[in-house]
Structure formats: structure tokens, C-alpha cells
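The file final.csv contains CSV, C-alpha atoms (C1' of nucleotides):
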```
chain,number,residue,atom,x,y,z
A,1460,MET,CA,-4.9,-55.3,55.4
A,1461,VAL,CA,-1.7,-53.3,54.7
A,1462,PRO,CA,1.0,-55.6,53.4
A,1463,ASP,CA,3.8,-54.1,55.5
A,1464,ILE,CA,1.9,-54.7,58.7
A,1465,GLU,CA,1.1,-58.3,57.7
A,1466,GLU,CA,4.8,-58.9,57.0
A,1467,LEU,CA,5.8,-57.3,60.2
A,1468,LEU,CA,3.5,-59.5,62.3
A,1469,ASN,CA,4.6,-62.6,60.4
A,1470,ARG,CA,8.2,-61.7,61.0
A,1471,HIS,CA,7.5,-61.6,64.7
A,1472,GLY,CA,5.6,-64.8,64.8
A,1473,VAL,CA,2.2,-63.2,65.3
A,1474,LYS,CA,-0.5,-64.5,63.0
A,1475,PRO,CA,-1.9,-61.5,61.2
A,1476,THR,CA,-5.7,-61.1,61.7
A,1477,PRO,CA,-7.7,-58.0,60.8
A,1478,GLN,CA,-8.0,-57.1,64.4
A,1479,ARG,CA,-4.3,-57.4,65.1
A,1480,ALA,CA,-3.5,-55.5,61.9
A,1481,VAL,CA,-5.7,-52.6,62.6
A,1482,ILE,CA,-4.4,-52.3,66.2
A,1483,THR,CA,-0.8,-52.5,65.1
A,1484,GLU,CA,-1.4,-50.1,62.2
A,1485,TYR,CA,-2.9,-47.6,64.6
A,1486,LEU,CA,-0.1,-47.9,67.1
A,1487,MET,CA,2.5,-47.3,64.3
A,1488,SER,CA,0.6,-44.2,63.1
A,1489,THR,CA,0.7,-42.3,66.4
A,1490,HIS,CA,3.3,-41.0,68.8
A,1491,SER,CA,0.7,-40.4,71.5
A,1492,HIS,CA,1.5,-43.4,73.6
A,1493,PRO,CA,-2.1,-44.5,74.0
A,1494,THR,CA,-3.6,-46.5,76.8
A,1495,ALA,CA,-5.5,-49.8,76.0
A,1496,ASP,CA,-8.8,-48.0,76.2
A,1497,GLU,CA,-7.6,-45.2,73.8
A,1498,VAL,CA,-6.5,-48.0,71.4
A,1499,PHE,CA,-10.0,-49.6,71.7
A,1500,GLN,CA,-11.7,-46.3,71.0
A,1501,ALA,CA,-9.5,-45.4,68.1
A,1502,VAL,CA,-9.9,-48.7,66.2
A,1503,LYS,CA,-13.3,-50.1,67.2
A,1504,ASN,CA,-15.0,-48.6,64.1
A,1505,ARG,CA,-12.3,-49.6,61.6
A,1506,LEU,CA,-13.5,-53.2,61.3
A,1507,PRO,CA,-16.6,-54.6,59.7
A,1508,VAL,CA,-17.3,-56.6,62.9
A,1509,PRO,CA,-17.7,-55.5,66.5
A,1510,LEU,CA,-14.4,-55.4,68.4
A,1511,SER,CA,-14.1,-56.8,71.9
A,1512,ARG,CA,-12.0,-55.2,74.6
A,1513,ALA,CA,-10.7,-58.6,75.3
A,1514,THR,CA,-9.2,-58.7,71.8
A,1515,VAL,CA,-7.5,-55.4,72.4
A,1516,TYR,CA,-5.9,-56.6,75.6
A,1517,ASN,CA,-5.0,-60.0,74.0
A,1518,THR,CA,-3.5,-58.3,71.0
A,1519,LEU,CA,-1.6,-55.7,73.0
A,1520,ASN,CA,-0.1,-58.4,75.3
A,1521,ALA,CA,0.8,-60.6,72.3
A,1522,LEU,CA,2.5,-57.6,70.5
A,1523,VAL,CA,4.5,-56.8,73.6
A,1524,GLU,CA,5.4,-60.5,74.1
A,1525,ALA,CA,6.5,-60.7,70.4
A,1526,GLY,CA,8.5,-57.5,70.6
A,1527,VAL,CA,6.4,-55.5,68.2
A,1528,ILE,CA,5.5,-52.8,70.7
A,1529,GLN,CA,6.5,-51.9,74.3
A,1530,GLU,CA,4.7,-50.9,77.4
A,1531,VAL,CA,5.5,-47.4,78.8
A,1532,THR,CA,5.0,-46.6,82.4
A,1533,THR,CA,5.6,-43.0,83.1
A,1534,GLU,CA,2.7,-42.3,85.5
A,1535,ALA,CA,1.6,-44.3,88.5
A,1536,GLY,CA,-0.8,-47.0,87.5
A,1537,ARG,CA,-1.3,-46.2,83.9
A,1538,VAL,CA,0.0,-48.5,81.1
A,1539,ARG,CA,0.6,-47.0,77.7
A,1540,TYR,CA,1.8,-48.6,74.5
A,1541,ASP,CA,4.5,-47.5,72.1
A,1542,ALA,CA,5.3,-48.9,68.7
A,1543,ASN,CA,8.6,-47.1,68.5
A,1544,MET,CA,11.1,-49.9,69.2
A,1545,SER,CA,14.2,-48.0,68.5
A,1546,GLU,CA,16.3,-47.4,71.6
A,1547,HIS,CA,14.8,-44.4,73.2
A,1548,HIS,CA,13.6,-42.8,76.5
A,1549,HIS,CA,10.7,-40.6,77.5
A,1550,PHE,CA,10.0,-37.0,78.3
A,1551,VAL,CA,6.9,-36.3,80.3
A,1552,ASP,CA,5.4,-32.9,80.0
A,1553,ILE,CA,4.4,-32.2,83.6
A,1554,GLU,CA,1.7,-29.8,82.5
A,1555,THR,CA,-0.2,-31.9,80.1
A,1556,GLY,CA,1.0,-35.4,80.9
A,1557,ASN,CA,2.0,-35.9,77.2
A,1558,VAL,CA,4.8,-38.3,76.6
A,1559,LEU,CA,7.5,-37.6,74.0
A,1560,ASP,CA,10.2,-39.9,72.8
A,1561,ILE,CA,13.8,-39.1,73.4
A,1562,PRO,CA,16.1,-40.9,71.0
A,1563,ALA,CA,18.9,-42.8,72.8
A,1564,GLU,CA,21.6,-40.6,71.1
A,1565,GLN,CA,20.2,-37.6,73.0
A,1566,ILE,CA,21.4,-39.0,76.3
A,1567,ARG,CA,25.2,-38.7,76.2
A,1568,LYS,CA,27.9,-39.8,78.6
A,1569,PHE,CA,25.6,-41.9,80.7
A,1570,GLU,CA,27.7,-43.8,83.2
A,1571,LEU,CA,26.6,-46.0,86.0
A,1572,ALA,CA,28.8,-47.0,89.0
A,1573,LEU,CA,26.9,-50.0,90.4
A,1574,GLY,CA,29.7,-52.3,91.3
A,1575,ASP,CA,30.4,-55.9,90.3
A,1576,ASN,CA,27.3,-57.5,91.8
A,1577,PHE,CA,24.9,-56.0,89.2
A,1578,LYS,CA,24.7,-57.1,85.6
A,1579,VAL,CA,22.9,-54.4,83.6
A,1580,HIS,CA,20.6,-55.5,80.8
A,1581,HIS,CA,19.2,-52.1,79.8
A,1582,PHE,CA,18.0,-48.9,81.4
A,1583,HIS,CA,15.3,-46.4,80.8
A,1584,VAL,CA,15.3,-42.7,81.5
A,1585,THR,CA,12.2,-40.7,82.2
A,1586,VAL,CA,12.7,-37.0,82.1
A,1587,TYR,CA,10.0,-34.7,83.6
A,1588,GLY,CA,9.8,-31.1,82.6
A,1589,GLU,CA,8.1,-28.5,80.5
A,1590,VAL,CA,7.9,-28.0,76.8
A,1591,LYS,CA,8.4,-24.3,76.0
A,1592,LYS,CA,5.8,-22.9,73.7
A,1593,PRO,CA,7.2,-21.3,70.6
A,1594,GLU,CA,7.1,-17.5,70.8
A,1595,GLN,CA,4.2,-16.0,69.0
B,319,MET,CA,3.3,-43.1,118.4
B,320,VAL,CA,7.0,-42.7,117.7
B,321,PRO,CA,8.0,-39.0,118.3
B,322,ASP,CA,10.2,-38.8,115.3
B,323,ILE,CA,7.4,-39.8,113.0
B,324,GLU,CA,5.0,-37.4,114.6
B,325,GLU,CA,7.5,-34.6,114.1
B,326,LEU,CA,8.1,-35.6,110.5
B,327,LEU,CA,4.4,-35.6,109.7
B,328,ASN,CA,3.9,-32.2,111.4
B,329,ARG,CA,6.8,-30.8,109.6
B,330,HIS,CA,5.1,-31.7,106.3
B,331,GLY,CA,1.7,-30.4,107.3
B,332,VAL,CA,0.1,-33.8,107.7
B,333,LYS,CA,-1.8,-34.1,110.9
B,334,PRO,CA,-0.3,-37.1,112.7
B,335,THR,CA,-3.0,-39.8,113.5
B,336,PRO,CA,-2.2,-43.3,114.7
B,337,GLN,CA,-3.1,-44.7,111.3
B,338,ARG,CA,-0.9,-42.3,109.5
B,339,ALA,CA,2.0,-42.8,112.0
B,340,VAL,CA,1.8,-46.6,111.7
B,341,ILE,CA,1.8,-46.5,107.9
B,342,THR,CA,4.6,-44.0,107.7
B,343,GLU,CA,6.6,-45.9,110.2
B,344,TYR,CA,6.2,-49.1,108.2
B,345,LEU,CA,7.3,-47.4,105.0
B,346,MET,CA,10.4,-46.0,106.7
B,347,SER,CA,11.3,-49.3,108.1
B,348,THR,CA,11.5,-51.2,104.8
B,349,HIS,CA,13.3,-51.0,101.5
B,350,SER,CA,10.9,-53.3,99.8
B,351,HIS,CA,8.9,-50.7,97.9
B,352,PRO,CA,5.5,-52.2,98.9
B,353,THR,CA,2.2,-51.8,97.0
B,354,ALA,CA,-0.8,-50.3,98.7
B,355,ASP,CA,-2.1,-53.7,99.6
B,356,GLU,CA,1.2,-54.8,101.0
B,357,VAL,CA,1.1,-51.8,103.2
B,358,PHE,CA,-2.4,-52.6,104.3
B,359,GLN,CA,-1.5,-56.2,105.1
B,360,ALA,CA,1.6,-55.2,107.0
B,361,VAL,CA,0.0,-52.6,109.3
B,362,LYS,CA,-3.6,-53.7,109.7
B,363,ASN,CA,-2.9,-55.5,113.0
B,364,ARG,CA,-0.7,-52.8,114.5
B,365,LEU,CA,-3.6,-50.7,115.6
B,366,PRO,CA,-6.2,-51.2,118.3
B,367,VAL,CA,-9.0,-50.5,115.9
B,368,PRO,CA,-9.8,-52.0,112.5
B,369,LEU,CA,-8.1,-50.4,109.6
B,370,SER,CA,-9.9,-49.6,106.4
B,371,ARG,CA,-8.3,-49.8,103.0
B,372,ALA,CA,-9.7,-46.4,102.2
B,373,THR,CA,-7.5,-45.0,105.0
B,374,VAL,CA,-4.5,-46.7,103.5
B,375,TYR,CA,-5.1,-45.1,100.1
B,376,ASN,CA,-6.0,-41.8,101.6
B,377,THR,CA,-2.9,-41.8,103.7
B,378,LEU,CA,-0.6,-42.9,100.9
B,379,ASN,CA,-2.0,-40.2,98.6
B,380,ALA,CA,-1.6,-37.6,101.4
B,381,LEU,CA,2.0,-38.6,102.1
B,382,VAL,CA,2.9,-38.4,98.4
B,383,GLU,CA,1.2,-35.0,98.1
B,384,ALA,CA,3.1,-33.8,101.2
B,385,GLY,CA,6.4,-35.1,99.9
B,386,VAL,CA,6.9,-37.6,102.7
B,387,ILE,CA,7.1,-40.6,100.3
B,388,GLN,CA,7.1,-41.1,96.6
B,389,GLU,CA,5.4,-43.4,94.1
B,390,VAL,CA,7.6,-45.8,92.2
B,391,THR,CA,6.4,-47.2,88.8
B,392,THR,CA,8.9,-49.7,87.6
B,393,GLU,CA,6.4,-52.3,86.3
B,394,ALA,CA,3.4,-51.8,84.1
B,395,GLY,CA,0.3,-51.0,86.1
B,396,ARG,CA,1.7,-51.5,89.6
B,397,VAL,CA,2.2,-48.6,92.0
B,398,ARG,CA,4.7,-49.0,94.8
B,399,TYR,CA,5.7,-46.6,97.6
B,400,ASP,CA,9.1,-45.5,98.7
B,401,ALA,CA,9.9,-43.5,101.8
B,402,ASN,CA,13.5,-42.9,100.6
B,403,MET,CA,13.3,-39.3,99.5
B,404,SER,CA,17.0,-38.7,98.9
B,405,GLU,CA,17.7,-38.3,95.2
B,406,HIS,CA,17.9,-41.8,93.8
B,407,HIS,CA,17.0,-44.1,91.0
B,408,HIS,CA,15.9,-47.8,90.8
B,409,PHE,CA,17.4,-51.1,89.9
B,410,VAL,CA,14.9,-53.8,89.0
B,411,ASP,CA,16.0,-57.4,89.3
B,412,ILE,CA,14.5,-58.9,86.2
B,413,GLU,CA,14.4,-62.4,87.8
B,414,THR,CA,12.5,-61.5,91.0
B,415,GLY,CA,11.0,-58.2,90.3
B,416,ASN,CA,12.6,-56.8,93.4
B,417,VAL,CA,13.4,-53.1,93.3
B,418,LEU,CA,16.6,-51.7,94.8
B,419,ASP,CA,17.5,-48.1,95.3
B,420,ILE,CA,20.4,-46.6,93.4
B,421,PRO,CA,21.8,-43.4,95.1
B,422,ALA,CA,22.0,-40.5,92.7
B,423,GLU,CA,25.8,-40.4,93.0
B,424,GLN,CA,26.1,-43.8,91.4
B,425,ILE,CA,24.9,-42.3,88.1
B,426,ARG,CA,27.8,-40.2,86.8
B,427,LYS,CA,28.3,-38.0,83.8
B,428,PHE,CA,24.7,-38.0,82.8
B,429,GLU,CA,24.2,-35.6,80.0
B,430,LEU,CA,21.1,-34.8,78.1
B,431,ALA,CA,21.0,-33.1,74.7
B,432,LEU,CA,17.3,-32.1,74.4
B,433,GLY,CA,17.6,-28.6,72.9
B,434,ASP,CA,16.2,-25.3,74.1
B,435,ASN,CA,12.6,-26.2,73.9
B,436,PHE,CA,12.6,-28.4,76.9
B,437,LYS,CA,13.0,-27.3,80.5
B,438,VAL,CA,14.0,-30.3,82.6
B,439,HIS,CA,12.7,-30.5,86.2
B,440,HIS,CA,14.1,-33.9,87.1
B,441,PHE,CA,14.7,-37.3,85.7
B,442,HIS,CA,14.5,-40.8,86.9
B,443,VAL,CA,16.5,-43.8,85.7
B,444,THR,CA,15.3,-47.4,85.9
B,445,VAL,CA,18.0,-50.0,85.4
B,446,TYR,CA,16.9,-53.5,84.6
B,447,GLY,CA,19.3,-56.4,85.2
B,448,GLU,CA,20.4,-59.2,87.3
B,449,VAL,CA,21.8,-59.3,90.8
B,450,LYS,CA,24.7,-61.7,91.0
B,451,LYS,CA,24.4,-64.1,93.8
B,452,PRO,CA,27.5,-64.2,96.1
B,453,GLU,CA,29.8,-67.2,95.4
B,454,GLN,CA,29.3,-70.0,97.9
C,884,DA,C1',-15.9,-79.5,51.7
C,885,DT,C1',-14.2,-81.2,56.5
C,886,DC,C1',-11.9,-80.8,60.5
C,887,DA,C1',-8.9,-79.1,64.1
C,888,DA,C1',-6.7,-75.3,66.1
C,889,DA,C1',-6.6,-70.6,66.9
C,890,DT,C1',-9.0,-66.3,67.4
C,891,DT,C1',-12.7,-63.5,68.6
C,892,DT,C1',-16.8,-62.2,71.1
C,893,DA,C1',-19.9,-60.8,75.0
C,894,DG,C1',-20.2,-60.6,79.3
C,895,DA,C1',-18.9,-62.4,84.0
C,896,DC,C1',-15.3,-62.0,87.1
C,897,DT,C1',-11.2,-60.0,89.6
C,898,DT,C1',-8.3,-56.6,91.4
C,899,DA,C1',-7.0,-51.9,92.5
C,900,DT,C1',-8.7,-47.7,93.7
C,901,DT,C1',-12.1,-44.1,94.7
C,902,DC,C1',-16.3,-42.5,96.5
C,903,DT,C1',-20.1,-42.0,99.9
C,904,DA,C1',-22.6,-41.7,104.0
C,905,DA,C1',-22.4,-42.6,108.7
C,906,DT,C1',-19.5,-42.6,112.7
C,907,DT,C1',-15.6,-41.4,115.6
C,908,DC,C1',-12.1,-38.4,117.1
C,909,DA,C1',-9.7,-34.2,118.5
C,910,DA,C1',-9.4,-29.5,119.2
C,911,DT,C1',-11.3,-25.4,120.7
C,912,DA,C1',-14.8,-22.4,122.8
C,913,DC,C1',-17.4,-21.7,126.3
D,1021,DG,C1',-15.5,-30.3,132.1
D,1022,DT,C1',-18.9,-30.4,128.2
D,1023,DA,C1',-20.8,-28.8,123.6
D,1024,DT,C1',-19.6,-27.8,119.0
D,1025,DT,C1',-17.3,-28.2,114.8
D,1026,DG,C1',-14.2,-29.9,111.3
D,1027,DA,C1',-11.3,-33.5,110.1
D,1028,DA,C1',-10.3,-38.4,109.8
D,1029,DT,C1',-11.8,-43.1,109.7
D,1030,DT,C1',-14.9,-46.8,108.7
D,1031,DA,C1',-17.6,-50.3,105.9
D,1032,DG,C1',-19.1,-51.1,101.9
D,1033,DA,C1',-20.8,-49.5,97.3
D,1034,DA,C1',-19.2,-47.8,93.0
D,1035,DT,C1',-15.8,-47.5,89.3
D,1036,DA,C1',-12.0,-48.7,86.3
D,1037,DA,C1',-8.6,-51.6,84.2
D,1038,DG,C1',-7.7,-56.0,83.1
D,1039,DT,C1',-8.4,-61.1,82.9
D,1040,DC,C1',-11.1,-65.2,82.3
D,1041,DT,C1',-14.7,-68.2,80.3
D,1042,DA,C1',-17.6,-70.5,77.2
D,1043,DA,C1',-19.6,-70.2,72.8
D,1044,DA,C1',-19.3,-68.8,68.1
D,1045,DT,C1',-16.4,-67.7,64.2
D,1046,DT,C1',-12.5,-67.8,61.3
D,1047,DT,C1',-8.4,-69.9,59.4
D,1048,DG,C1',-5.4,-73.2,57.5
D,1049,DA,C1',-4.5,-77.8,56.3
D,1050,DT,C1',-5.9,-81.7,54.4
```

As C-alpha cells, how would this structure be written, given the file I've shared?
Amino acid sequence: MVPDIEELLNRHGVKPTPQRAVITEYLMSTHSHPTADEVFQAVKNRLPVPLSRATVYNTLNALVEAGVIQEVTTEAGRVRYDANMSEHHHFVDIETGNVLDIPAEQIRKFELALGDNFKVHHFHVTVYGEVKKPEQ
Amino acid sequence: MVPDIEELLNRHGVKPTPQRAVITEYLMSTHSHPTADEVFQAVKNRLPVPLSRATVYNTLNALVEAGVIQEVTTEAGRVRYDANMSEHHHFVDIETGNVLDIPAEQIRKFELALGDNFKVHHFHVTVYGEVKKPEQ
DNA sequence: ATCAAATTTAGACTTATTCTAATTCAATAC
DNA sequence: GTATTGAATTAGAATAAGTCTAAATTTGAT
């Protein structure tokens, strides 16, 4: 078990088990915003014991609850997971469905005129568009 | 069948049937961003014949496809439907889960610094916060 | 080493959605 | 007006994502 991961989980009050470590480690190693099933497929052979889907769901929910990862919902009905917890938004490639992170600094001069009745906690921007391929 | 609805569906290339009319009419009458099942419950008794869930799903998908309504995805794993097709964003009341529309004009000075590799089609903002209750 | 509490497992269950095959409906041709 | 044809609708089966349950395993504290 990677010590950094163990420390991270402890710091967030999640008891570090091999299953949780391996799932967290995988999420931190990718920017692909995997679904629960993609997480299951990716890590199921990285443990000496069989891995249950229930454990994957339990772990993902526990990690979200503890603030170690977040849920991303850019397409109807699909839940994806993201270990990038810095303030950021998402860009969805409408051709491939790939989701990229947009650091918060790249959204400038955002200003909301909602009136006094609304108290804003946070906001999230999803940008839909195309990624231009580099010229050959 | 309300003539306006019939005309709307025709204009978007959706053949107006009683089922489609009643579903569209319901969606246009509410700002509650209902789920597919909420639509089914709301309209199932408004027809002289039994209504199948399959028809509700088929109709919702056809209406989205035709640009008559849109899908709203503000919470993980839930799909909601919205007949408001003017440019707008969403405010989620974090206490109740209620979703309110934010007209596009209420977001001012939005500016994105993504670089030349990204071609933006459109973007959507979800604001999470509290709605202050009116003083008694 | 023992015990209690927490975690994990396999698989049953639930919920949301799609699929399928049969039936009904609506428009057009005759 | 009736036959034909394609589209829409129906009930229910099938699928997929996620949750629940009961039993087994692991962990941590004595």
C-alpha cells in the first residue's frame, strides 16, 4: 500500500484498506473521469483477493462523502469520478464524450446577478465543444 | 389536443399523437424539472387509454432529439427534463434539491481562457446554494 | 490469543431504462 | 368507404447501474 495514499485516507477519516487504497490510487493516476464500472474493471486484478462491485460502490461513496474525490455529471444519467479536488470545471468533447478539467483560473470575470434571495455556495461550469486536432 | 402544442410538435418534425401532446403539454406547464417517472405519474390518467412507460421514454427521447425539450443533469445519476428552451442555466437548492432556472442574462461577464485548441459550442452553469426564505 | 466492530464478499434485489413482439392507429391509395 | 402500409403504442421481458443483505473475513484493541 502506497504510504501517501494511506496518509491521505487517514487524513480524511477513511480507514485505509487494500481495496480502498487501490481504488484511490487508480483514481489519482488518471484524468479520464471513469465510471464506477470502469474503476471496477481497472482495479479488480490488482488485489490478491476477488473484488466485489459492492466494495467499489461503497468505496466510491465513502470517498465522495469524505471529500477525497468528487462525482462528475456531464452526461445524462452517467456518474463519473474525479480525484482532482482543486477548484475546476469541465470541458466535454462533444465528438468523443471525453471530459477534460478546466482549472478555475481559466474562467475569468464570472459574475452572477441573482438577487438577494439566493445565497451561492459554489458553481460548476460545463463547457461543450470540440478539441482541435494538432496539425500534422 | 391543444392546437399550440400540435403546431409546436409539427414545427419540430414530431408527429403529434395524443400521448406526445399530453407529455409535452405537461412539461410546458411546469418548472419543476421532472424525472421520466414523474412525467409518467403526472400524465398517465390524462389519456383515455393506458399509457406505457416505454411511450414516455420514447417520447422524451424524441422531444430531446427534436429540440423541443432538454435533459438537465444537476445531480448524479438522475435525468430531469425541461421544456424551457431559452438560453438558461440552473440553480440547485442544496437543501431541497429543487432546480430553478437562471436566465442567461443573469450571468454577466463570463469569460473563458481556454486557448486555441478548444472550440466552444456552448456552456452550462450549475449554481449550488440556498434560497433565502422570505421574512415572516 | 480473544473479542468486537468494521469491512468485504457473492449474490439477491431494486430502480431506471431499453428492447421486443404483438397490437392499434392513421394516412393514403384505390 | 375499405384495404394496405408504416408508424406509434402497448405490456412485459431484458438489461444496466446501484443498493442491500447475510455470511465470512479482517482489523484493532485488549

For this session: Would you give me, as a count of residues only, the residues of chain B that come within 8 Å of chain A, using only C-alpha atoms?
Result: 37

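Near chain D, within 12 Å and using all atoms listed in the file, the residues of chain B are B:Val332, B:Lys333, B:Pro334, B:Thr335, B:Pro336, B:Gln337, B:Arg338, B:Val367, B:Pro368, B:Leu369, B:Ser370, B:Arg371, B:Ala372, B:Thr373, B:Val374, B:Tyr375, B:Asn376, B:Thr377, B:Ala394, B:Gly395, B:Arg396.
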
For this session: Write out as a PyMOL selection string every residue belonging to chain C that has an atom at most 9 Å from any atom of chain B, counting only C-alpha atoms (C1' of nucleotides).
Result: chain C and resi 899-901

Pull C-alpha atoms (C1' of nucleotides) from the residues just selected and write them as an mmCIF file, in the frame of the given file.
```
data_model
loop_
_atom_site.group_PDB
_atom_site.id
_atom_site.type_symbol
_atom_site.label_atom_id
_atom_site.label_comp_id
_atom_site.auth_asym_id
_atom_site.auth_seq_id
_atom_site.Cartn_x
_atom_site.Cartn_y
_atom_site.Cartn_z
ATOM 1 C "C1'" DA C 899 -7.000 -51.900 92.500
ATOM 2 C "C1'" DT C 900 -8.700 -47.700 93.700
ATOM 3 C "C1'" DT C 901 -12.100 -44.100 94.700
#
```

After superposing chain B onto chain A (least squares, all C-alpha atoms, pairing by order), export the transformed chain as a short mmCIF file (atom, residue, chain, number, x, y, z; two decimals) with C-alpha atoms, in the coordinates of the input.
```
data_model
loop_
_atom_site.label_atom_id
_atom_site.label_comp_id
_atom_site.auth_asym_id
_atom_site.auth_seq_id
_atom_site.Cartn_x
_atom_site.Cartn_y
_atom_site.Cartn_z
CA MET B 319 -4.84 -55.27 55.43
CA VAL B 320 -1.71 -53.24 54.78
CA PRO B 321 1.06 -55.60 53.43
CA ASP B 322 3.77 -54.05 55.46
CA ILE B 323 1.94 -54.70 58.68
CA GLU B 324 1.14 -58.23 57.71
CA GLU B 325 4.81 -58.84 56.99
CA LEU B 326 5.86 -57.26 60.26
CA LEU B 327 3.48 -59.42 62.26
CA ASN B 328 4.62 -62.59 60.44
CA ARG B 329 8.16 -61.70 60.96
CA HIS B 330 7.52 -61.64 64.72
CA GLY B 331 5.54 -64.85 64.79
CA VAL B 332 2.18 -63.21 65.37
CA LYS B 333 -0.45 -64.52 63.07
CA PRO B 334 -1.82 -61.48 61.24
CA THR B 335 -5.67 -61.11 61.74
CA PRO B 336 -7.64 -58.02 60.78
CA GLN B 337 -7.98 -57.07 64.42
CA ARG B 338 -4.33 -57.39 65.06
CA ALA B 339 -3.41 -55.53 61.81
CA VAL B 340 -5.77 -52.64 62.62
CA ILE B 341 -4.42 -52.26 66.15
CA THR B 342 -0.82 -52.48 65.08
CA GLU B 343 -1.40 -50.07 62.30
CA TYR B 344 -2.96 -47.57 64.69
CA LEU B 345 -0.05 -47.85 67.10
CA MET B 346 2.44 -47.25 64.29
CA SER B 347 0.60 -44.29 63.08
CA THR B 348 0.70 -42.28 66.32
CA HIS B 349 3.23 -40.94 68.76
CA SER B 350 0.69 -40.41 71.44
CA HIS B 351 1.49 -43.43 73.58
CA PRO B 352 -2.19 -44.46 73.98
CA THR B 353 -3.66 -46.56 76.83
CA ALA B 354 -5.47 -49.77 76.08
CA ASP B 355 -8.78 -48.01 76.09
CA GLU B 356 -7.57 -45.30 73.80
CA VAL B 357 -6.56 -47.97 71.42
CA PHE B 358 -9.93 -49.62 71.68
CA GLN B 359 -11.75 -46.35 71.06
CA ALA B 360 -9.57 -45.46 68.11
CA VAL B 361 -9.91 -48.75 66.20
CA LYS B 362 -13.29 -50.14 67.18
CA ASN B 363 -15.01 -48.70 64.08
CA ARG B 364 -12.30 -49.65 61.61
CA LEU B 365 -13.47 -53.20 61.31
CA PRO B 366 -16.55 -54.72 59.74
CA VAL B 367 -17.31 -56.69 62.84
CA PRO B 368 -17.64 -55.59 66.47
CA LEU B 369 -14.46 -55.46 68.40
CA SER B 370 -14.17 -56.80 71.90
CA ARG B 371 -12.00 -55.25 74.55
CA ALA B 372 -10.65 -58.67 75.36
CA THR B 373 -9.17 -58.76 71.83
CA VAL B 374 -7.56 -55.42 72.42
CA TYR B 375 -5.85 -56.63 75.60
CA ASN B 376 -4.99 -59.94 74.10
CA THR B 377 -3.49 -58.30 71.09
CA LEU B 378 -1.56 -55.70 73.06
CA ASN B 379 -0.13 -58.39 75.35
CA ALA B 380 0.79 -60.52 72.29
CA LEU B 381 2.52 -57.62 70.53
CA VAL B 382 4.54 -56.78 73.65
CA GLU B 383 5.50 -60.45 74.10
CA ALA B 384 6.54 -60.60 70.41
CA GLY B 385 8.55 -57.41 70.66
CA VAL B 386 6.43 -55.49 68.19
CA ILE B 387 5.56 -52.73 70.72
CA GLN B 388 6.51 -51.89 74.23
CA GLU B 389 4.74 -50.83 77.42
CA VAL B 390 5.49 -47.38 78.74
CA THR B 391 4.94 -46.60 82.49
CA THR B 392 5.61 -42.98 83.06
CA GLU B 393 2.67 -42.31 85.44
CA ALA B 394 1.58 -44.27 88.45
CA GLY B 395 -0.83 -47.03 87.54
CA ARG B 396 -1.32 -46.20 83.86
CA VAL B 397 -0.01 -48.46 81.10
CA ARG B 398 0.58 -46.96 77.69
CA TYR B 399 1.81 -48.56 74.45
CA ASP B 400 4.54 -47.48 72.13
CA ALA B 401 5.28 -48.93 68.73
CA ASN B 402 8.63 -47.05 68.55
CA MET B 403 11.06 -49.86 69.21
CA SER B 404 14.27 -48.00 68.44
CA GLU B 405 16.28 -47.44 71.60
CA HIS B 406 14.76 -44.41 73.26
CA HIS B 407 13.66 -42.82 76.46
CA HIS B 408 10.69 -40.57 77.47
CA PHE B 409 10.05 -36.97 78.20
CA VAL B 410 6.92 -36.27 80.22
CA ASP B 411 5.41 -32.82 80.00
CA ILE B 412 4.47 -32.19 83.58
CA GLU B 413 1.72 -29.70 82.55
CA THR B 414 -0.18 -31.95 80.10
CA GLY B 415 1.00 -35.37 80.86
CA ASN B 416 1.95 -35.86 77.26
CA VAL B 417 4.81 -38.25 76.63
CA LEU B 418 7.45 -37.58 73.98
CA ASP B 419 10.12 -39.90 72.77
CA ILE B 420 13.75 -39.08 73.37
CA PRO B 421 16.13 -40.93 70.92
CA ALA B 422 18.86 -42.79 72.74
CA GLU B 423 21.54 -40.59 71.16
CA GLN B 424 20.22 -37.55 72.96
CA ILE B 425 21.40 -39.06 76.26
CA ARG B 426 25.20 -38.78 76.24
CA LYS B 427 27.92 -39.83 78.60
CA PHE B 428 25.68 -41.91 80.75
CA GLU B 429 27.74 -43.76 83.24
CA LEU B 430 26.66 -46.05 85.97
CA ALA B 431 28.78 -47.03 88.97
CA LEU B 432 26.85 -50.03 90.38
CA GLY B 433 29.71 -52.41 91.26
CA ASP B 434 30.31 -55.99 90.21
CA ASN B 435 27.25 -57.46 91.73
CA PHE B 436 24.89 -56.10 89.20
CA LYS B 437 24.63 -57.15 85.57
CA VAL B 438 22.80 -54.45 83.64
CA HIS B 439 20.52 -55.52 80.74
CA HIS B 440 19.14 -52.11 79.84
CA PHE B 441 17.97 -48.91 81.36
CA HIS B 442 15.28 -46.44 80.73
CA VAL B 443 15.29 -42.73 81.54
CA THR B 444 12.17 -40.66 82.20
CA VAL B 445 12.68 -36.92 82.06
CA TYR B 446 10.03 -34.76 83.61
CA GLY B 447 9.77 -31.09 82.58
CA GLU B 448 8.14 -28.48 80.59
CA VAL B 449 7.89 -27.97 76.86
CA LYS B 450 8.43 -24.34 75.98
CA LYS B 451 5.80 -22.99 73.77
CA PRO B 452 7.17 -21.29 70.58
CA GLU B 453 7.22 -17.46 70.82
CA GLN B 454 4.31 -15.87 69.00
#
```

Exercise. So how far away is atom CA of Tyr399 of chain B from atom CA of Arg364 of chain B, in Å?
Worked result: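 Between atom CA of Arg364 of chain B and atom CA of Tyr399 of chain B the gap is 19.1 Å.
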
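With atom CA of Ala384 of chain B on one side and atom CA of Ala339 of chain B on the other, the separation reads 14.1 Å.
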
For this session: Have a look at atom CA of Thr1483 of chain A and atom CA of Asp1541 of chain A and let me know their distance in Å, one decimal.
Result: 10.1 Å

Return the padded bounding box of segment 1547-1556 of chain A as JSON: axis-aligned, built from all atoms listed in the file, 3 Å added on each side, with centre and edge lengths in Å to one decimal.
```
{"center_x": 7.3, "center_y": -37.1, "center_z": 78.4, "size_x": 21.0, "size_y": 20.6, "size_z": 16.4}
```

Problem set entry | Non-local contacts of segment 402-404 of chain B (8 Å; all atoms listed in the file; under 4 positions in same chain excluded) as an MDAnalysis selection string | chainID B and resid 346 386:388 421
